[in-house]
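Structure file query-v1.txt; described as compact mmCIF, C-alpha atoms.
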```
# COMPACT_ATOMS: atom_id res chain seq x y z
CA MET A 1448 15.45 -104.87 -24.38
CA SER A 1449 12.48 -106.52 -22.80
CA ILE A 1450 11.24 -105.32 -19.42
CA GLY A 1451 11.23 -108.13 -16.88
CA LEU A 1452 10.65 -108.63 -13.20
CA GLY A 1453 14.27 -107.71 -12.48
CA HIS A 1454 13.74 -104.16 -13.72
CA PHE A 1455 10.85 -103.55 -11.34
CA VAL A 1456 12.63 -105.10 -8.39
CA ALA A 1457 15.76 -103.05 -9.14
CA VAL A 1458 13.75 -99.80 -9.23
CA SER A 1459 12.11 -100.77 -5.97
CA ALA A 1460 15.48 -101.60 -4.38
CA LEU A 1461 16.85 -98.19 -5.37
CA LEU A 1462 13.76 -96.44 -3.99
CA PHE A 1463 14.18 -98.39 -0.74
CA SER A 1464 17.84 -97.36 -0.45
CA LEU A 1465 16.97 -93.70 -1.03
CA GLY A 1466 14.27 -93.90 1.63
CA LEU A 1467 16.69 -95.52 4.04
CA PHE A 1468 19.23 -92.75 3.36
CA CYS A 1469 16.52 -90.17 4.04
CA LEU A 1470 15.61 -91.95 7.26
CA ILE A 1471 19.23 -92.05 8.46
CA THR A 1472 20.37 -88.54 7.58
CA ARG A 1473 17.37 -86.28 8.09
CA ARG A 1474 16.74 -84.49 11.37
CA ASN A 1475 13.38 -82.92 10.55
CA ALA A 1476 10.60 -85.26 11.68
CA VAL A 1477 8.50 -84.57 8.56
CA ALA A 1478 11.47 -85.40 6.31
CA ILE A 1479 11.92 -88.69 8.17
CA LEU A 1480 8.27 -89.43 7.43
CA MET A 1481 8.93 -88.76 3.74
CA GLY A 1482 11.69 -91.38 3.86
CA ILE A 1483 9.22 -93.86 5.36
CA GLU A 1484 6.79 -93.12 2.52
CA LEU A 1485 9.54 -93.87 -0.01
CA ILE A 1486 10.27 -97.21 1.67
CA LEU A 1487 6.57 -98.13 1.75
CA ASN A 1488 6.19 -97.27 -1.93
CA ALA A 1489 9.14 -99.51 -2.76
CA ALA A 1490 7.60 -102.41 -0.82
CA LEU A 1491 4.18 -102.00 -2.46
CA LEU A 1492 5.75 -101.83 -5.93
CA ASN A 1493 7.46 -105.14 -5.14
CA LEU A 1494 4.13 -106.71 -4.15
CA ALA A 1495 2.47 -105.65 -7.39
CA ALA A 1496 5.42 -106.77 -9.53
CA PHE A 1497 5.69 -110.21 -7.96
CA SER A 1498 1.95 -110.72 -8.21
CA ARG A 1499 2.06 -109.91 -11.91
CA TYR A 1500 5.14 -111.87 -12.95
CA LEU A 1501 5.26 -114.87 -10.63
CA HIS A 1502 1.72 -115.42 -9.40
CA GLY A 1503 -0.63 -114.26 -12.12
CA GLN A 1504 -3.46 -113.56 -9.66
CA PRO A 1505 -4.38 -110.12 -8.24
CA ASP A 1506 -3.79 -111.20 -4.60
CA GLY A 1507 -0.56 -109.21 -4.42
CA GLN A 1508 -2.42 -106.14 -5.61
CA ILE A 1509 -4.96 -106.61 -2.80
CA PHE A 1510 -2.08 -106.71 -0.33
CA ALA A 1511 -0.77 -103.52 -1.91
CA VAL A 1512 -4.17 -101.84 -1.47
CA PHE A 1513 -4.14 -102.78 2.22
CA GLY A 1514 -0.58 -101.48 2.43
CA ILE A 1515 -1.59 -98.14 0.93
CA VAL A 1516 -4.38 -97.81 3.49
CA LEU A 1517 -1.96 -98.64 6.31
CA ALA A 1518 0.54 -96.10 4.97
CA ALA A 1519 -2.12 -93.39 4.90
CA ALA A 1520 -3.18 -94.23 8.46
CA GLU A 1521 0.43 -94.19 9.61
CA ALA A 1522 1.04 -90.82 7.97
CA VAL A 1523 -2.02 -89.28 9.63
CA VAL A 1524 -1.07 -90.41 13.13
CA ALA A 1525 2.61 -89.52 12.65
CA LEU A 1526 1.76 -86.01 11.48
CA ALA A 1527 -0.59 -85.53 14.44
CA ILE A 1528 2.28 -86.51 16.73
CA VAL A 1529 4.60 -84.12 14.85
CA LEU A 1530 2.12 -81.29 15.44
CA GLN A 1531 2.05 -82.04 19.16
CA LEU A 1532 5.84 -82.24 19.16
CA TYR A 1533 5.96 -78.78 17.64
CA ARG A 1534 3.56 -77.46 20.27
CA ALA A 1535 5.66 -78.87 23.08
CA PHE A 1536 9.15 -78.00 21.82
CA ARG A 1537 8.63 -75.28 19.18
CA THR A 1538 10.78 -77.37 16.83
CA VAL A 1539 10.54 -80.69 15.03
CA ASP A 1540 14.29 -81.26 14.89
CA THR A 1541 14.77 -84.76 16.26
CA ALA A 1542 18.26 -83.88 17.50
CA GLU A 1543 16.83 -81.24 19.84
CA THR A 1544 13.69 -82.97 21.14
CA THR A 1545 15.52 -85.17 23.61
CA GLU A 1546 13.49 -84.59 26.75
CA LEU A 1547 13.33 -88.25 27.74
CA LYS A 1548 17.11 -88.60 27.76
CA GLY A 1549 17.25 -86.47 30.89
CA MET B 1125 -0.64 -103.55 -28.89
CA ILE B 1126 2.16 -101.16 -28.07
CA PRO B 1127 5.45 -102.08 -29.77
CA GLU B 1128 8.30 -103.27 -27.60
CA PRO B 1129 10.64 -100.22 -27.80
CA VAL B 1130 7.81 -97.87 -26.86
CA ARG B 1131 6.97 -100.05 -23.86
CA ALA B 1132 10.60 -99.98 -22.77
CA LEU B 1133 10.72 -96.22 -23.22
CA LEU B 1134 7.56 -95.80 -21.12
CA PHE B 1135 9.02 -98.01 -18.41
CA TYR B 1136 12.28 -96.06 -18.28
CA LEU B 1137 10.36 -92.76 -18.20
CA CYS B 1138 8.25 -93.85 -15.22
CA ALA B 1139 11.19 -95.44 -13.41
CA GLY B 1140 13.36 -92.40 -14.07
CA LEU B 1141 10.64 -90.09 -12.75
CA ALA B 1142 10.27 -92.17 -9.60
CA LEU B 1143 14.00 -92.46 -8.98
CA ALA B 1144 14.78 -88.81 -9.77
CA GLY B 1145 12.03 -87.80 -7.36
CA GLY B 1146 13.44 -90.17 -4.76
CA CYS B 1147 16.93 -88.71 -5.17
CA TRP B 1148 15.56 -85.19 -4.84
CA VAL B 1149 13.63 -86.16 -1.70
CA ALA B 1150 16.75 -87.66 -0.19
CA PHE B 1151 19.24 -84.95 -1.16
CA ALA B 1152 17.31 -81.64 -1.37
CA ARG B 1153 18.43 -78.93 1.02
CA ASN B 1154 15.03 -77.24 1.19
CA ILE B 1155 12.33 -79.38 2.72
CA VAL B 1156 9.57 -77.93 0.54
CA HIS B 1157 11.51 -79.10 -2.51
CA SER B 1158 11.62 -82.55 -0.91
CA ALA B 1159 7.87 -82.53 -0.47
CA PHE B 1160 7.20 -81.56 -4.05
CA ALA B 1161 9.72 -84.11 -5.33
CA LEU B 1162 7.69 -86.72 -3.47
CA LEU B 1163 4.93 -85.88 -5.95
CA ALA B 1164 7.18 -86.98 -8.83
CA THR B 1165 8.00 -90.21 -7.02
CA PHE B 1166 4.35 -91.03 -6.40
CA ALA B 1167 3.42 -90.25 -9.99
CA GLY B 1168 6.27 -92.38 -11.31
CA VAL B 1169 5.28 -95.32 -9.11
CA ALA B 1170 1.68 -94.92 -10.29
CA GLY B 1171 2.96 -95.16 -13.87
CA LEU B 1172 4.84 -98.34 -12.96
CA TYR B 1173 1.63 -99.78 -11.50
CA ALA B 1174 -0.15 -99.03 -14.76
CA PHE B 1175 2.73 -100.74 -16.56
CA LEU B 1176 2.09 -103.83 -14.41
CA SER B 1177 -1.59 -103.87 -15.52
CA ALA B 1178 -2.55 -102.87 -11.97
CA ASP B 1179 -4.88 -100.10 -13.08
CA PHE B 1180 -6.81 -99.95 -9.81
CA LEU B 1181 -3.58 -99.61 -7.83
CA ALA B 1182 -2.40 -96.80 -10.11
CA VAL B 1183 -5.58 -94.80 -9.52
CA VAL B 1184 -5.54 -95.52 -5.78
CA GLN B 1185 -1.91 -94.45 -5.62
CA LEU B 1186 -2.71 -91.13 -7.25
CA MET B 1187 -5.82 -90.50 -5.18
CA ILE B 1188 -4.54 -91.49 -1.75
CA TYR B 1189 -0.86 -90.59 -1.95
CA VAL B 1190 -0.98 -87.47 -4.09
CA GLY B 1191 -4.43 -86.34 -3.01
CA GLY B 1192 -4.19 -87.27 0.65
CA VAL B 1193 -0.80 -88.05 2.13
CA LEU B 1194 1.14 -85.43 0.19
CA VAL B 1195 -1.32 -82.66 1.02
CA LEU B 1196 -1.17 -83.73 4.66
CA ILE B 1197 2.63 -83.65 4.60
CA LEU B 1198 2.60 -80.18 3.07
CA PHE B 1199 0.17 -78.98 5.73
CA ALA B 1200 2.36 -80.36 8.50
CA LEU B 1201 5.38 -78.76 6.86
CA MET B 1202 3.78 -75.34 6.69
CA LEU B 1203 2.60 -75.60 10.28
CA THR B 1204 5.82 -76.80 11.84
CA SER B 1205 8.89 -75.66 9.94
CA ARG B 1206 10.58 -72.36 9.44
CA ILE B 1207 10.65 -73.08 5.75
CA GLU B 1208 12.12 -69.83 4.51
CA GLU B 1209 15.64 -70.74 5.59
CA ALA B 1210 16.99 -73.78 3.79
CA ARG B 1211 19.60 -74.51 6.40
CA VAL B 1212 17.06 -74.49 9.19
CA SER B 1213 14.37 -76.27 7.25
CA ASN B 1214 16.08 -79.51 6.37
CA PRO B 1215 19.15 -80.23 8.48
CA THR B 1216 21.03 -83.44 7.98
CA ILE B 1217 23.18 -85.54 10.25
CA GLY B 1218 25.63 -88.35 9.59
CA LEU B 1219 25.92 -87.90 5.83
CA VAL B 1220 28.95 -90.18 5.56
CA PRO B 1221 27.45 -93.25 7.27
CA GLY B 1222 24.23 -92.56 5.38
CA ALA B 1223 26.05 -92.54 2.06
CA VAL B 1224 27.89 -95.76 2.97
CA VAL B 1225 24.60 -97.45 3.84
CA LEU B 1226 22.96 -96.08 0.68
CA ILE B 1227 25.70 -97.39 -1.62
CA ALA B 1228 26.08 -100.73 0.16
CA VAL B 1229 22.37 -101.52 0.42
CA SER B 1230 21.51 -100.42 -3.11
CA ALA B 1231 24.46 -102.29 -4.65
CA LEU B 1232 23.65 -105.47 -2.73
CA LEU B 1233 19.92 -105.37 -3.46
CA VAL B 1234 20.27 -104.51 -7.14
CA TYR B 1235 22.92 -107.19 -7.63
CA ALA B 1236 20.77 -109.79 -5.87
CA CYS B 1237 17.58 -109.00 -7.74
CA VAL B 1238 19.21 -108.76 -11.16
CA LYS B 1239 20.96 -112.10 -10.53
CA GLU B 1240 17.76 -113.72 -9.29
CA PHE B 1241 15.06 -112.19 -11.48
CA GLY B 1242 17.00 -110.86 -14.47
CA GLY B 1243 15.96 -113.74 -16.71
CA THR B 1244 12.20 -113.19 -16.63
CA THR B 1245 10.79 -111.76 -19.80
CA ASP B 1246 8.09 -109.25 -20.51
CA LEU B 1247 4.49 -110.38 -20.33
CA PRO B 1248 1.77 -109.22 -22.70
CA PRO B 1249 -0.52 -106.56 -21.23
CA GLY B 1250 -2.96 -108.22 -18.87
CA GLU B 1251 -6.65 -107.80 -18.29
CA PRO B 1252 -7.83 -105.01 -15.97
CA THR B 1253 -7.89 -106.36 -12.42
CA THR B 1254 -10.35 -103.99 -10.78
CA ALA B 1255 -13.27 -106.42 -10.94
CA GLY B 1256 -11.11 -109.26 -9.56
CA ILE B 1257 -9.93 -107.07 -6.68
CA GLY B 1258 -13.51 -106.11 -5.84
CA ASP B 1259 -14.66 -109.74 -5.88
CA ALA B 1260 -11.78 -110.89 -3.71
CA LEU B 1261 -12.22 -108.02 -1.21
CA LEU B 1262 -15.81 -109.06 -0.57
CA SER B 1263 -15.23 -112.83 -0.53
CA ARG B 1264 -11.78 -114.12 0.44
CA TYR B 1265 -10.49 -110.96 2.06
CA VAL B 1266 -13.67 -109.73 3.71
CA LEU B 1267 -12.28 -110.08 7.24
CA PRO B 1268 -9.18 -107.90 6.64
CA PHE B 1269 -11.41 -105.48 4.78
CA GLU B 1270 -13.67 -105.05 7.82
CA VAL B 1271 -10.74 -104.94 10.23
CA ILE B 1272 -9.09 -102.21 8.22
CA SER B 1273 -12.26 -100.13 8.25
CA VAL B 1274 -12.25 -100.34 12.05
CA LEU B 1275 -8.58 -99.34 11.94
CA LEU B 1276 -9.45 -96.29 9.86
CA LEU B 1277 -12.07 -95.27 12.42
CA ALA B 1278 -9.53 -95.68 15.20
CA VAL B 1279 -7.00 -93.61 13.26
CA LEU B 1280 -9.57 -90.88 12.71
CA LEU B 1281 -10.39 -90.68 16.41
CA GLY B 1282 -6.75 -90.97 17.43
CA ALA B 1283 -5.57 -88.22 15.10
CA VAL B 1284 -8.28 -85.86 16.31
CA THR B 1285 -7.47 -86.69 19.93
CA ILE B 1286 -3.72 -86.24 19.51
CA ALA B 1287 -3.68 -83.18 17.29
CA GLY B 1288 -6.79 -81.37 18.44
CA GLY B 1289 -6.62 -78.75 21.15
CA ARG B 1290 -8.16 -79.74 24.43
CA LEU B 1291 -11.35 -78.05 25.47
CA ARG B 1292 -10.90 -76.24 28.73
CA LYS B 1293 -13.21 -77.19 31.55
CA PRO B 1294 -15.91 -74.56 31.84
CA ALA B 1295 -14.95 -72.22 34.63
CA PRO B 1296 -17.81 -71.42 37.02
CA GLY B 1297 -19.72 -68.62 35.39
CA GLY B 1298 -17.36 -68.44 32.41
CA LYS B 1299 -17.82 -69.62 28.88
CA PRO B 1300 -15.95 -72.76 27.82
CA GLY B 1301 -13.23 -71.76 25.40
CA LYS B 1302 -10.63 -73.42 23.31
CA GLU B 1303 -7.24 -73.65 24.85
CA ARG B 1304 -4.66 -71.75 22.88
CA PRO B 1305 -1.40 -73.59 22.47
```

Give the structure from this file in structure tokens form.
Amino acid sequence: MSIGLGHFVAVSALLFSLGLFCLITRRNAVAILMGIELILNAALLNLAAFSRYLHGQPDGQIFAVFGIVLAAAEAVVALAIVLQLYRAFRTVDTAETTELKG
Amino acid sequence: MIPEPVRALLFYLCAGLALAGGCWVAFARNIVHSAFALLATFAGVAGLYAFLSADFLAVVQLMIYVGGVLVLILFALMLTSRIEEARVSNPTIGLVPGAVVLIAVSALLVYACVKEFGGTTDLPPGEPTTAGIGDALLSRYVLPFEVISVLLLAVLLGAVTIAGGRLRKPAPGGKPGKERP
């Protein structure tokens, strides 16, 4: 059976759903960040697949490179915030760090 | 030229690795297992990039995600979580709505993309695209390239400012010391 665009997009859709599940159900802030990484990977895989099968030019891959850089930057800042969260609350459970709710 | 069944087998291996890692990330009860399963996902996606003739992306994926982001996540994990107790380390909430969303979204998306893109056939292996990406980054995409380097500088400064301990003001006669959290 020949591998087409549909296969790649299906894999990416499943990865996105798993990331979304992770995002919804996890309470640890670092685990939520892992879910975000899954979602970003799914999106970048889509960019590369569409650029290969529908466009034929490497522009989609350039977008994916920019996306990878943005994902790395986002991870760095998010983990710095998680560290500060841990210093302030002694936990990174998002169900317990509810100071702003009053 | 790799024969067709071997190509299909390679694709299913990479996709299976990525999806199994993703499942383990989403369902593992110990958060350290989640973090290491993320390694399998990243490696599988890198294999899929190589399958798409995006060799540069595959290498970048391995270097930045596995070499950078994953190590960072593990560091944050070790610094913040009480990882020895599985129940403390990775608590979950709202499993039922999460499962409903998971099944609904994945079924809808997979149905839509198979219906829309299922007919496209396999392409022969393409040329390496690294040279094309380099050319385009320094001609058509030079402005985003420069902007993103400024962004990286800002992220560097911001991360140090947010995560770093503040230096205490030097007390009169005393030595300036690092504030202990």

With a cut-off of 7 Å and counting all atoms listed in the file, select all residues of chain B in contact with chain A and give the selection as a PDB file with C-alpha atoms, in the frame of the given file.
```pdb
ATOM      1  CA  ALA B1132      10.600 -99.980 -22.770  1.00  0.00           C
ATOM      2  CA  ALA B1139      11.190 -95.440 -13.410  1.00  0.00           C
ATOM      3  CA  LEU B1143      14.000 -92.460  -8.980  1.00  0.00           C
ATOM      4  CA  GLY B1146      13.440 -90.170  -4.760  1.00  0.00           C
ATOM      5  CA  CYS B1147      16.930 -88.710  -5.170  1.00  0.00           C
ATOM      6  CA  ALA B1150      16.750 -87.660  -0.190  1.00  0.00           C
ATOM      7  CA  LEU B1176       2.090-103.830 -14.410  1.00  0.00           C
ATOM      8  CA  LEU B1181      -3.580 -99.610  -7.830  1.00  0.00           C
ATOM      9  CA  VAL B1193      -0.800 -88.050   2.130  1.00  0.00           C
ATOM     10  CA  ALA B1200       2.360 -80.360   8.500  1.00  0.00           C
ATOM     11  CA  LEU B1201       5.380 -78.760   6.860  1.00  0.00           C
ATOM     12  CA  THR B1204       5.820 -76.800  11.840  1.00  0.00           C
ATOM     13  CA  ASN B1214      16.080 -79.510   6.370  1.00  0.00           C
ATOM     14  CA  PRO B1215      19.150 -80.230   8.480  1.00  0.00           C
ATOM     15  CA  THR B1216      21.030 -83.440   7.980  1.00  0.00           C
ATOM     16  CA  ILE B1217      23.180 -85.540  10.250  1.00  0.00           C
ATOM     17  CA  GLY B1218      25.630 -88.350   9.590  1.00  0.00           C
ATOM     18  CA  LEU B1219      25.920 -87.900   5.830  1.00  0.00           C
ATOM     19  CA  GLY B1222      24.230 -92.560   5.380  1.00  0.00           C
ATOM     20  CA  ALA B1223      26.050 -92.540   2.060  1.00  0.00           C
ATOM     21  CA  LEU B1226      22.960 -96.080   0.680  1.00  0.00           C
ATOM     22  CA  VAL B1229      22.370-101.520   0.420  1.00  0.00           C
ATOM     23  CA  SER B1230      21.510-100.420  -3.110  1.00  0.00           C
ATOM     24  CA  LEU B1233      19.920-105.370  -3.460  1.00  0.00           C
ATOM     25  CA  VAL B1234      20.270-104.510  -7.140  1.00  0.00           C
ATOM     26  CA  CYS B1237      17.580-109.000  -7.740  1.00  0.00           C
ATOM     27  CA  VAL B1238      19.210-108.760 -11.160  1.00  0.00           C
ATOM     28  CA  PHE B1241      15.060-112.190 -11.480  1.00  0.00           C
ATOM     29  CA  GLY B1242      17.000-110.860 -14.470  1.00  0.00           C
ATOM     30  CA  THR B1244      12.200-113.190 -16.630  1.00  0.00           C
ATOM     31  CA  THR B1245      10.790-111.760 -19.800  1.00  0.00           C
ATOM     32  CA  ASP B1246       8.090-109.250 -20.510  1.00  0.00           C
ATOM     33  CA  THR B1253      -7.890-106.360 -12.420  1.00  0.00           C
ATOM     34  CA  GLY B1256     -11.110-109.260  -9.560  1.00  0.00           C
ATOM     35  CA  ILE B1257      -9.930-107.070  -6.680  1.00  0.00           C
ATOM     36  CA  LEU B1276      -9.450 -96.290   9.860  1.00  0.00           C
ATOM     37  CA  VAL B1279      -7.000 -93.610  13.260  1.00  0.00           C
ATOM     38  CA  ALA B1283      -5.570 -88.220  15.100  1.00  0.00           C
ATOM     39  CA  ILE B1286      -3.720 -86.240  19.510  1.00  0.00           C
ATOM     40  CA  ALA B1287      -3.680 -83.180  17.290  1.00  0.00           C
ATOM     41  CA  PRO B1305      -1.400 -73.590  22.470  1.00  0.00           C
TER      42      PRO B1305
END
```

Segment 1266-1282 of chain B: axis-aligned bounding box, 6 Å on each side, centre and edge lengths in Å, one decimal, as lines of an AutoDock Vina configuration file:
```
center_x = -10.2
center_y = -100.4
center_z = 10.6
size_x = 18.9
size_y = 31.4
size_z = 25.7
```

(request) Could you please determine the separation between atom CA of Ile1126 of chain B and atom CA of Cys1138 of chain B in Å, to one decimal place? (result)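 Going from atom CA of Ile1126 of chain B over to atom CA of Cys1138 of chain B, I get 16.0 Å.
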